[in-house]
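Novice: My structure is stored as entry_11.cif, with mmCIF, C-alpha atoms.
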```cif
data_model
#
loop_
_atom_site.group_PDB
_atom_site.id
_atom_site.type_symbol
_atom_site.label_atom_id
_atom_site.label_comp_id
_atom_site.auth_asym_id
_atom_site.auth_seq_id
_atom_site.Cartn_x
_atom_site.Cartn_y
_atom_site.Cartn_z
ATOM 1 C CA MET N 1 -19.925 16.542 -13.365
ATOM 2 C CA ILE N 2 -20.992 18.363 -16.532
ATOM 3 C CA PHE N 3 -18.328 20.438 -18.237
ATOM 4 C CA GLU N 4 -19.702 23.290 -20.263
ATOM 5 C CA GLY N 5 -16.590 24.614 -21.872
ATOM 6 C CA THR N 6 -12.860 24.358 -22.411
ATOM 7 C CA ASP N 7 -12.151 26.855 -19.629
ATOM 8 C CA GLN N 8 -13.700 24.521 -17.071
ATOM 9 C CA VAL N 9 -11.724 21.610 -18.457
ATOM 10 C CA ARG N 10 -8.552 23.728 -18.345
ATOM 11 C CA ASP N 11 -9.165 24.520 -14.659
ATOM 12 C CA ALA N 12 -9.865 20.866 -13.854
ATOM 13 C CA VAL N 13 -6.657 19.722 -15.589
ATOM 14 C CA ARG N 14 -4.700 22.447 -13.785
ATOM 15 C CA HIS N 15 -6.041 21.221 -10.432
ATOM 16 C CA VAL N 16 -5.213 17.595 -11.229
ATOM 17 C CA LEU N 17 -1.629 18.502 -12.146
ATOM 18 C CA GLY N 18 -1.338 20.530 -8.955
ATOM 19 C CA ASP N 19 -2.763 17.797 -6.713
ATOM 20 C CA VAL N 20 -1.089 14.778 -8.283
ATOM 21 C CA LEU N 21 2.332 16.320 -8.897
ATOM 22 C CA GLY N 22 2.377 18.447 -5.747
ATOM 23 C CA ILE N 23 2.849 21.635 -7.772
ATOM 24 C CA PRO N 24 2.036 24.776 -5.763
ATOM 25 C CA ALA N 25 -1.190 26.490 -6.883
ATOM 26 C CA GLU N 26 0.591 29.715 -7.852
ATOM 27 C CA ARG N 27 2.963 27.809 -10.147
ATOM 28 C CA ALA N 28 0.134 25.760 -11.710
ATOM 29 C CA ALA N 29 -1.820 29.009 -12.227
ATOM 30 C CA GLY N 30 1.027 30.179 -14.481
ATOM 31 C CA PHE N 31 0.658 27.241 -16.912
ATOM 32 C CA ASN N 32 -0.466 28.350 -20.378
ATOM 33 C CA ASP N 33 -1.108 26.412 -23.594
ATOM 34 C CA THR N 34 2.572 26.353 -24.569
ATOM 35 C CA THR N 35 3.937 25.295 -21.157
ATOM 36 C CA PRO N 36 5.855 22.058 -21.843
ATOM 37 C CA LEU N 37 4.897 19.096 -19.626
ATOM 38 C CA PHE N 38 6.257 15.613 -20.426
ATOM 39 C CA GLY N 39 10.055 15.686 -20.457
ATOM 40 C CA ALA N 40 10.086 19.224 -19.047
ATOM 41 C CA LEU N 41 8.413 18.902 -15.651
ATOM 42 C CA PRO N 42 10.705 16.906 -13.354
ATOM 43 C CA GLU N 43 7.656 15.839 -11.317
ATOM 44 C CA LEU N 44 6.072 14.152 -14.345
ATOM 45 C CA ASP N 45 7.722 10.721 -14.605
ATOM 46 C CA SER N 46 5.948 7.709 -16.130
ATOM 47 C CA MET N 47 4.438 6.707 -12.783
ATOM 48 C CA ALA N 48 3.107 10.235 -12.334
ATOM 49 C CA VAL N 49 1.639 10.280 -15.883
ATOM 50 C CA ALA N 50 -0.452 7.234 -14.967
ATOM 51 C CA GLY N 51 -1.645 9.031 -11.817
ATOM 52 C CA VAL N 52 -2.526 12.203 -13.742
ATOM 53 C CA LEU N 53 -4.504 10.313 -16.398
ATOM 54 C CA THR N 54 -6.425 8.176 -13.913
ATOM 55 C CA GLU N 55 -7.255 11.199 -11.768
ATOM 56 C CA ILE N 56 -8.488 13.081 -14.867
ATOM 57 C CA GLU N 57 -10.694 10.088 -15.749
ATOM 58 C CA ASP N 58 -12.181 10.035 -12.252
ATOM 59 C CA ARG N 59 -12.800 13.762 -11.963
ATOM 60 C CA LEU N 60 -14.128 14.338 -15.472
ATOM 61 C CA GLY N 61 -15.944 11.058 -15.905
ATOM 62 C CA ILE N 62 -14.106 10.113 -19.110
ATOM 63 C CA THR N 63 -12.234 6.979 -20.190
ATOM 64 C CA ILE N 64 -8.831 7.231 -21.822
ATOM 65 C CA GLU N 65 -7.925 4.172 -23.909
ATOM 66 C CA ASP N 66 -4.439 2.681 -23.701
ATOM 67 C CA ASP N 67 -3.714 3.395 -27.368
ATOM 68 C CA GLU N 68 -4.520 7.076 -26.859
ATOM 69 C CA VAL N 69 -1.766 7.492 -24.285
ATOM 70 C CA ASP N 70 1.222 9.009 -26.040
ATOM 71 C CA ALA N 71 3.913 11.605 -25.523
ATOM 72 C CA ASP N 72 2.263 14.110 -27.929
ATOM 73 C CA MET N 73 -0.836 14.352 -25.798
ATOM 74 C CA MET N 74 1.264 15.277 -22.758
ATOM 75 C CA GLU N 75 3.696 17.503 -24.646
ATOM 76 C CA THR N 76 2.245 20.806 -23.477
ATOM 77 C CA PHE N 77 -0.431 21.946 -21.062
ATOM 78 C CA GLY N 78 -2.449 23.050 -24.122
ATOM 79 C CA SER N 79 -2.228 19.652 -25.851
ATOM 80 C CA LEU N 80 -3.382 17.871 -22.687
ATOM 81 C CA VAL N 81 -6.312 20.283 -22.234
ATOM 82 C CA ASP N 82 -7.276 19.843 -25.923
ATOM 83 C CA PHE N 83 -7.227 16.077 -25.609
ATOM 84 C CA VAL N 84 -9.295 16.069 -22.410
ATOM 85 C CA ALA N 85 -11.742 18.676 -23.774
ATOM 86 C CA ARG N 86 -12.389 16.551 -26.890
ATOM 87 C CA LYS N 87 -13.210 13.629 -24.597
ATOM 88 C CA ALA N 88 -15.220 15.532 -21.994
ATOM 89 C CA LEU N 89 -17.132 17.879 -24.274
ATOM 90 C CA GLY N 90 -17.683 15.394 -27.106
ATOM 91 C CA MET A 1 -9.555 -2.859 17.781
ATOM 92 C CA VAL A 2 -9.161 -1.987 14.111
ATOM 93 C CA VAL A 3 -7.204 -4.272 11.753
ATOM 94 C CA ILE A 4 -6.108 -2.411 8.647
ATOM 95 C CA ALA A 5 -5.748 -3.706 5.086
ATOM 96 C CA ALA A 6 -3.321 -1.298 3.427
ATOM 97 C CA ALA A 7 -3.482 -0.092 -0.181
ATOM 98 C CA LEU A 8 -1.576 -2.191 -2.739
ATOM 99 C CA PHE A 9 1.610 -1.736 -4.795
ATOM 100 C CA GLU A 10 2.814 1.841 -5.373
ATOM 101 C CA GLU A 11 -0.344 3.124 -3.716
ATOM 102 C CA ALA A 12 0.825 1.389 -0.517
ATOM 103 C CA ASN A 13 4.090 3.352 -0.574
ATOM 104 C CA ARG A 14 2.306 6.601 -1.199
ATOM 105 C CA THR A 15 -0.200 6.094 1.622
ATOM 106 C CA ARG A 16 2.021 4.382 4.208
ATOM 107 C CA ALA A 17 2.736 7.503 6.291
ATOM 108 C CA PHE A 18 -0.913 8.560 5.917
ATOM 109 C CA THR A 19 -2.122 5.148 7.130
ATOM 110 C CA VAL A 20 0.180 5.359 10.150
ATOM 111 C CA ALA A 21 -1.143 8.877 10.848
ATOM 112 C CA ILE A 22 -4.681 7.421 10.960
ATOM 113 C CA MET A 23 -3.453 4.743 13.403
ATOM 114 C CA ARG A 24 -1.940 7.425 15.639
ATOM 115 C CA GLY A 25 -5.255 9.287 15.479
ATOM 116 C CA LEU A 26 -7.052 6.117 16.554
ATOM 117 C CA ALA A 27 -4.575 5.610 19.418
ATOM 118 C CA ALA A 28 -5.165 9.201 20.581
ATOM 119 C CA ARG A 29 -8.875 8.311 20.766
ATOM 120 C CA GLY A 30 -8.209 5.141 22.771
ATOM 121 C CA VAL A 31 -8.701 2.689 19.882
ATOM 122 C CA ALA A 32 -6.013 0.081 19.189
ATOM 123 C CA SER A 33 -5.105 -0.798 15.593
ATOM 124 C CA ALA A 34 -2.852 -3.180 13.691
ATOM 125 C CA LEU A 35 -1.379 -2.990 10.184
ATOM 126 C CA PRO A 36 -0.242 -6.481 9.148
ATOM 127 C CA ASP A 37 2.458 -6.949 6.469
ATOM 128 C CA LEU A 38 0.966 -9.373 3.945
ATOM 129 C CA PRO A 39 3.119 -11.989 2.137
ATOM 130 C CA GLY A 40 5.431 -10.267 -0.334
ATOM 131 C CA THR A 41 4.873 -6.772 1.085
ATOM 132 C CA ASN A 42 7.051 -4.632 3.343
ATOM 133 C CA GLU A 43 9.100 -6.783 5.739
ATOM 134 C CA SER A 44 7.608 -10.103 4.637
ATOM 135 C CA LEU A 45 10.308 -12.638 3.703
ATOM 136 C CA VAL A 46 8.173 -13.949 0.817
ATOM 137 C CA PRO A 47 9.368 -12.650 -2.592
ATOM 138 C CA THR A 48 6.790 -10.261 -4.069
ATOM 139 C CA GLU A 49 6.483 -12.397 -7.202
ATOM 140 C CA ARG A 50 5.104 -15.264 -5.084
ATOM 141 C CA ALA A 51 2.189 -13.171 -3.827
ATOM 142 C CA ARG A 52 -1.294 -14.330 -4.862
ATOM 143 C CA LEU A 53 -4.700 -12.883 -4.078
ATOM 144 C CA GLY A 54 -5.825 -15.992 -2.162
ATOM 145 C CA GLY A 55 -2.648 -15.917 -0.053
ATOM 146 C CA TRP A 56 -3.185 -12.271 0.812
ATOM 147 C CA ARG A 57 -6.810 -12.891 1.798
ATOM 148 C CA ALA A 58 -5.895 -15.879 3.957
ATOM 149 C CA ALA A 59 -3.003 -13.999 5.590
ATOM 150 C CA PHE A 60 -5.208 -11.024 6.396
ATOM 151 C CA ALA A 61 -7.857 -13.342 7.868
ATOM 152 C CA ALA A 62 -5.153 -15.077 9.945
ATOM 153 C CA SER A 63 -3.885 -11.742 11.259
ATOM 154 C CA VAL A 64 -7.386 -10.969 12.542
ATOM 155 C CA GLY A 65 -7.608 -14.455 14.055
ATOM 156 C CA GLY A 66 -10.202 -14.635 16.829
ATOM 157 C CA ARG A 67 -9.791 -10.988 17.861
ATOM 158 C CA ARG A 68 -12.882 -8.883 18.346
ATOM 159 C CA ALA A 69 -12.024 -6.433 15.603
ATOM 160 C CA VAL A 70 -13.462 -4.254 12.886
ATOM 161 C CA GLY A 71 -11.701 -3.942 9.539
ATOM 162 C CA PHE A 72 -10.525 -0.774 7.830
ATOM 163 C CA ALA A 73 -9.327 -1.116 4.247
ATOM 164 C CA LEU A 74 -7.808 1.535 2.033
ATOM 165 C CA ARG A 75 -8.112 1.356 -1.771
ATOM 166 C CA GLY A 76 -7.037 -2.135 -2.969
ATOM 167 C CA GLY A 77 -7.017 -3.387 0.624
ATOM 168 C CA ALA A 78 -10.801 -3.662 0.190
ATOM 169 C CA LEU A 79 -10.163 -6.655 -2.118
ATOM 170 C CA LEU A 80 -8.504 -8.589 0.713
ATOM 171 C CA ASP A 81 -10.659 -8.442 3.849
ATOM 172 C CA GLY A 82 -13.587 -10.650 2.741
ATOM 173 C CA GLU A 83 -12.453 -13.866 4.419
ATOM 174 C CA ALA A 84 -11.549 -12.321 7.774
ATOM 175 C CA ASP A 85 -13.833 -12.874 10.770
ATOM 176 C CA LEU A 86 -14.528 -9.172 11.399
ATOM 177 C CA ILE A 87 -17.422 -7.584 13.301
ATOM 178 C CA ALA A 88 -17.806 -5.061 10.476
ATOM 179 C CA ARG A 89 -15.891 -3.594 7.536
ATOM 180 C CA CYS A 90 -15.173 0.015 6.632
ATOM 181 C CA HIS A 91 -13.611 0.866 3.246
ATOM 182 C CA PHE A 92 -11.923 4.122 2.280
ATOM 183 C CA SER A 93 -11.972 4.815 -1.476
ATOM 184 C CA PRO A 94 -12.290 1.114 -2.396
ATOM 185 C CA VAL A 95 -11.210 0.247 -5.933
ATOM 186 C CA PRO A 96 -11.869 -2.791 -8.189
ATOM 187 C CA GLY A 97 -8.804 -4.913 -8.934
ATOM 188 C CA ALA A 98 -9.140 -4.232 -12.670
ATOM 189 C CA ALA A 99 -8.601 -0.504 -12.076
ATOM 190 C CA LEU A 100 -5.394 -1.231 -10.152
ATOM 191 C CA VAL A 101 -4.081 -3.474 -12.941
ATOM 192 C CA ARG A 102 -4.964 -0.816 -15.491
ATOM 193 C CA ASP A 103 -2.935 1.761 -13.563
ATOM 194 C CA LEU A 104 0.055 -0.573 -13.355
ATOM 195 C CA LYS A 105 -0.158 -1.297 -17.096
ATOM 196 C CA ARG A 106 -0.474 2.374 -17.922
ATOM 197 C CA THR A 107 2.744 3.164 -16.063
ATOM 198 C CA ARG A 108 4.459 0.575 -18.214
ATOM 199 C CA LEU A 109 2.880 1.929 -21.435
ATOM 200 C CA VAL A 110 4.062 5.450 -20.718
ATOM 201 C CA GLY A 111 7.503 4.067 -19.806
ATOM 202 C CA ALA A 112 7.627 2.248 -23.148
ATOM 203 C CA ARG A 113 7.024 5.513 -24.967
ATOM 204 C CA GLU A 114 9.913 7.050 -23.017
ATOM 205 C CA GLY A 115 12.198 4.411 -24.547
ATOM 206 C CA GLY A 116 11.588 1.520 -22.184
ATOM 207 C CA GLU A 117 10.619 -1.998 -23.182
ATOM 208 C CA PRO A 118 7.277 -2.036 -25.033
ATOM 209 C CA LEU A 119 4.386 -4.017 -23.627
ATOM 210 C CA ALA A 120 3.002 -6.733 -25.905
ATOM 211 C CA PRO A 121 -0.768 -7.258 -25.578
ATOM 212 C CA ASP A 122 -0.350 -10.738 -24.083
ATOM 213 C CA ALA A 123 2.679 -9.846 -21.952
ATOM 214 C CA LEU A 124 0.746 -9.978 -18.698
ATOM 215 C CA LEU A 125 -1.256 -13.153 -19.247
ATOM 216 C CA PRO A 126 -0.316 -16.429 -17.557
ATOM 217 C CA PRO A 127 1.533 -18.693 -18.010
ATOM 218 C CA GLY A 128 4.965 -17.114 -17.977
ATOM 219 C CA PRO A 129 7.596 -15.554 -15.755
ATOM 220 C CA PRO A 130 6.778 -12.689 -13.375
ATOM 221 C CA VAL A 131 6.433 -9.240 -14.963
ATOM 222 C CA GLU A 132 7.840 -5.973 -13.685
ATOM 223 C CA LEU A 133 5.198 -3.295 -13.327
ATOM 224 C CA ALA A 134 5.790 0.056 -11.639
ATOM 225 C CA GLY A 135 8.768 -1.312 -9.722
ATOM 226 C CA ASN A 136 7.148 -4.569 -8.537
ATOM 227 C CA HIS A 137 7.901 -8.086 -9.797
ATOM 228 C CA LEU A 138 4.428 -9.584 -9.986
ATOM 229 C CA ALA A 139 3.116 -13.020 -10.906
ATOM 230 C CA ARG A 140 0.909 -13.061 -14.003
ATOM 231 C CA GLU A 141 -1.499 -15.203 -11.993
ATOM 232 C CA LEU A 142 -1.850 -12.408 -9.409
ATOM 233 C CA LEU A 143 -2.635 -9.884 -12.155
ATOM 234 C CA ALA A 144 -5.213 -12.239 -13.677
ATOM 235 C CA GLU A 145 -6.816 -12.744 -10.235
ATOM 236 C CA LEU A 146 -6.923 -8.994 -9.637
ATOM 237 C CA GLU A 147 -8.637 -8.372 -12.996
ATOM 238 C CA THR A 148 -11.853 -9.908 -11.651
ATOM 239 C CA ALA A 149 -11.484 -9.012 -7.958
ATOM 240 C CA GLU A 150 -14.101 -6.685 -6.443
ATOM 241 C CA PRO A 151 -14.161 -5.029 -3.000
ATOM 242 C CA SER A 152 -15.855 -7.186 -0.364
ATOM 243 C CA PRO A 153 -19.295 -6.003 0.856
ATOM 244 C CA ALA A 154 -18.661 -3.215 3.395
ATOM 245 C CA ASN A 155 -20.795 -1.894 6.240
ATOM 246 C CA ARG A 156 -19.444 1.624 5.749
ATOM 247 C CA VAL A 157 -17.858 3.220 2.680
ATOM 248 C CA LEU A 158 -15.946 6.507 2.859
ATOM 249 C CA ARG A 159 -14.724 8.495 -0.148
ATOM 250 C CA LEU A 160 -13.177 11.810 -1.073
ATOM 251 C CA ASP A 161 -15.376 14.785 -1.986
ATOM 252 C CA GLY A 162 -15.924 14.875 -5.725
ATOM 253 C CA ASP A 163 -15.975 11.092 -6.097
ATOM 254 C CA ALA A 164 -19.388 10.383 -7.613
ATOM 255 C CA ARG A 165 -19.577 6.731 -6.535
ATOM 256 C CA PRO A 166 -21.959 5.889 -3.661
ATOM 257 C CA CYS A 167 -20.687 6.222 -0.090
ATOM 258 C CA ASP A 168 -21.832 6.784 3.493
ATOM 259 C CA ARG A 169 -19.682 9.860 4.039
ATOM 260 C CA SER A 170 -17.231 11.895 1.978
ATOM 261 C CA PHE A 171 -14.211 13.875 3.139
ATOM 262 C CA ALA A 172 -12.295 16.859 1.808
ATOM 263 C CA GLY A 173 -8.747 15.905 0.884
ATOM 264 C CA ARG A 174 -6.284 14.859 -1.817
ATOM 265 C CA ALA A 175 -5.994 11.470 -3.525
ATOM 266 C CA LEU A 176 -2.604 10.802 -1.915
ATOM 267 C CA TRP A 177 -2.363 7.384 -3.616
ATOM 268 C CA ARG A 178 -1.964 9.136 -6.977
ATOM 269 C CA ALA A 179 0.436 11.843 -5.870
ATOM 270 C CA SER A 180 4.150 11.769 -6.678
ATOM 271 C CA GLU A 181 4.930 13.694 -3.479
ATOM 272 C CA PRO A 182 1.973 12.581 -1.392
ATOM 273 C CA GLY A 183 2.883 13.878 2.067
ATOM 274 C CA VAL A 184 0.349 12.985 4.743
ATOM 275 C CA ASP A 185 -2.709 15.332 4.682
ATOM 276 C CA ALA A 186 -2.940 15.516 8.482
ATOM 277 C CA ASP A 187 -6.453 16.988 8.409
ATOM 278 C CA LEU A 188 -7.825 14.105 6.344
ATOM 279 C CA ALA A 189 -6.030 11.508 8.520
ATOM 280 C CA ASP A 190 -7.494 13.103 11.645
ATOM 281 C CA ALA A 191 -11.020 13.308 10.205
ATOM 282 C CA LEU A 192 -10.877 9.638 9.146
ATOM 283 C CA ALA A 193 -9.501 8.556 12.543
ATOM 284 C CA ASP A 194 -12.339 10.426 14.245
ATOM 285 C CA ASP A 195 -15.001 8.813 12.055
ATOM 286 C CA LEU A 196 -13.417 5.386 12.387
ATOM 287 C CA ALA A 197 -13.008 5.551 16.185
ATOM 288 C CA GLY A 198 -16.679 6.470 16.654
ATOM 289 C CA TRP A 199 -17.844 3.815 14.225
ATOM 290 C CA ALA A 200 -15.614 1.106 15.749
ATOM 291 C CA ARG A 201 -17.110 1.831 19.192
ATOM 292 C CA GLN A 202 -20.638 1.709 17.793
ATOM 293 C CA CYS A 203 -19.883 -1.692 16.260
ATOM 294 C CA GLY A 204 -18.444 -2.921 19.547
ATOM 295 C CA GLY A 205 -14.957 -3.362 18.115
#
```
What's the structure tokens form of this structure?

Specialist:
Amino acid sequence: MIFEGTDQVRDAVRHVLGDVLGIPAERAAGFNDTTPLFGALPELDSMAVAGVLTEIEDRLGITIEDDEVDADMMETFGSLVDFVARKALG
Amino acid sequence: MVVIAAALFEEANRTRAFTVAIMRGLAARGVASALPDLPGTNESLVPTERARLGGWRAAFAASVGGRRAVGFALRGGALLDGEADLIARCHFSPVPGAALVRDLKRTRLVGAREGGEPLAPDALLPPGPPVELAGNHLARELLAELETAEPSPANRVLRLDGDARPCDRSFAGRALWRASEPGVDADLADALADDLAGWARQCGG
């Protein structure tokens, strides 16, 4: 899949969080760039983080290296979208 | 009949109810199925840390025995059915062993950043004691074997919509094996059971 802009990446990340964490669509739709994720979402434990990252890799056709995985990247919805957009949009 | 190779590790837990739903769907269509517990999984008396890839493959082959059966493997189960005497093999979302190991390692990496024990680069390589990954005590030898394991050649490959890898048919549905609260996805289970029942009959299983 070709991603043309950050908005598309944002939607894709929103869908992954919804699907992997079982978050209802209306709640996921309310996520904005400052919505805290890691440490704030009870659904997002370390096992779930692995699922989210792998699903993002599969859907967006990117590879996330082990040394890129850190708490900062998952701190907020905005930081995760930024990270993925840098990877997906080059 | 259909003999099923379940997904592996945490993915097995997340897809257990889903796999059973597929079996019920097969039964409703008059097709028998079996879901063997491999050594070190579920009710097996073998400790999980003694599980090895070769042992799993041999055990799966033994569970098929001389039955006239087709195989259905989910995810990592596709790494295990190659030695079984099956009429034909169908794989749902098959995954290379290296991808499974990567997922297990990633869980541990994220855990380390939450304050857990960090993972040294050589911590998973044999020789050495079993390692705990995502709640399983696993032999380093098993992890090393999985790193190079590929799905066996399949007669039919099914995937989820949106998965770009080649397949014979794709289905709408969620990747339950990644979900923290997977549920069952009854529609997907029913669609897979329908496909599988028709295919098994065609193959003469």

Novice: I need the residue nearest Asp187 (chain A) from this list: A:Arg156, A:Arg57, A:Arg174, A:Arg16. Use all atoms listed in the file for the distance.

Specialist: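 Residue with the minimum atom-to-atom distance to Asp187 (chain A): A:Arg174.
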
Novice: Determine which residues of chain A sit within 7 Å of chain N, taking into account all atoms listed in the file, and present them as a PyMOL selection string.

Specialist: chain A and resi 103+106-107+110-111+113+134+174+178-181

Novice: Taking the point (-11.8, 26.7, -19.5) as given in the file, collect each protein or nucleic acid residue that comes within 12 Å of it, counting all atoms listed in the file, and present the set as an MDAnalysis selection string.

Specialist: chainID N and resid 3:14 32:33 78 81:82 84:85 88:89

Novice: If the PyMOL selection byres ((chain A and resi 139-148) around 8) is run on the structure shown, which residues does it catch, given as a ChimeraX atom specification?

Specialist: /A:49-53,96-101,124-131,137-138,149-150

Novice: Between CA of Glu68 (chain N) and CA of His15 (chain N), what distance in Å does the model show, to one decimal?

Specialist: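 Distance reported for this atom pair: 21.7 Å.
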
Novice: Using CA of Met74 (chain N) and CA of Arg108 (chain A) as the two end points, give the distance in Å to one decimal.

Specialist: 15.7 Å

Novice: Give me, please, the distance in Å between CA of Ala84 (chain A) and CA of Pro153 (chain A), quoted to one decimal.

Specialist: 12.2 Å

Novice: Provide an axis-aligned box for all listed atoms of region 19-24 of chain A, padding each side by 5 Å; report its centre and its edge lengths in Å to one decimal, as JSON.

Specialist:
```
{"center_x": -2.3, "center_y": 6.8, "center_z": 11.4, "size_x": 14.9, "size_y": 14.1, "size_z": 18.5}
```

Novice: What would the selection look like, as a PDB file with C-alpha atoms, in the coordinates of the input, if the PyMOL selection byres ((chain A and resi 171-173) around 6) were run on the coordinates I just shared?

Specialist:
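Ended up saving to part-v6.pdb:
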```pdb
ATOM      1  CA  LEU A 160     -13.177  11.810  -1.073  1.00  0.00           C
ATOM      2  CA  ASP A 161     -15.376  14.785  -1.986  1.00  0.00           C
ATOM      3  CA  SER A 170     -17.231  11.895   1.978  1.00  0.00           C
ATOM      4  CA  ARG A 174      -6.284  14.859  -1.817  1.00  0.00           C
ATOM      5  CA  LEU A 188      -7.825  14.105   6.344  1.00  0.00           C
TER       6      LEU A 188
END
```

Novice: Please provide the set of residues having any atom within 8 Å of region 29-31 of chain N, restricted to all atoms listed in the file, with same-chain residues fewer than 3 positions apart removed, written as a list in words.

Specialist: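 What passes the distance filter is Arg14, Ala25, Glu26, Thr34, Thr35 and Phe77 of chain N.
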
Novice: Name the residues that the PyMOL selection byres ((chain A and resi 3) around 8) picks from the file above, as a PyMOL selection string, using the file's chain letters and numbers.

Specialist: chain A and resi 1-2+4-5+33-36+64+69-72
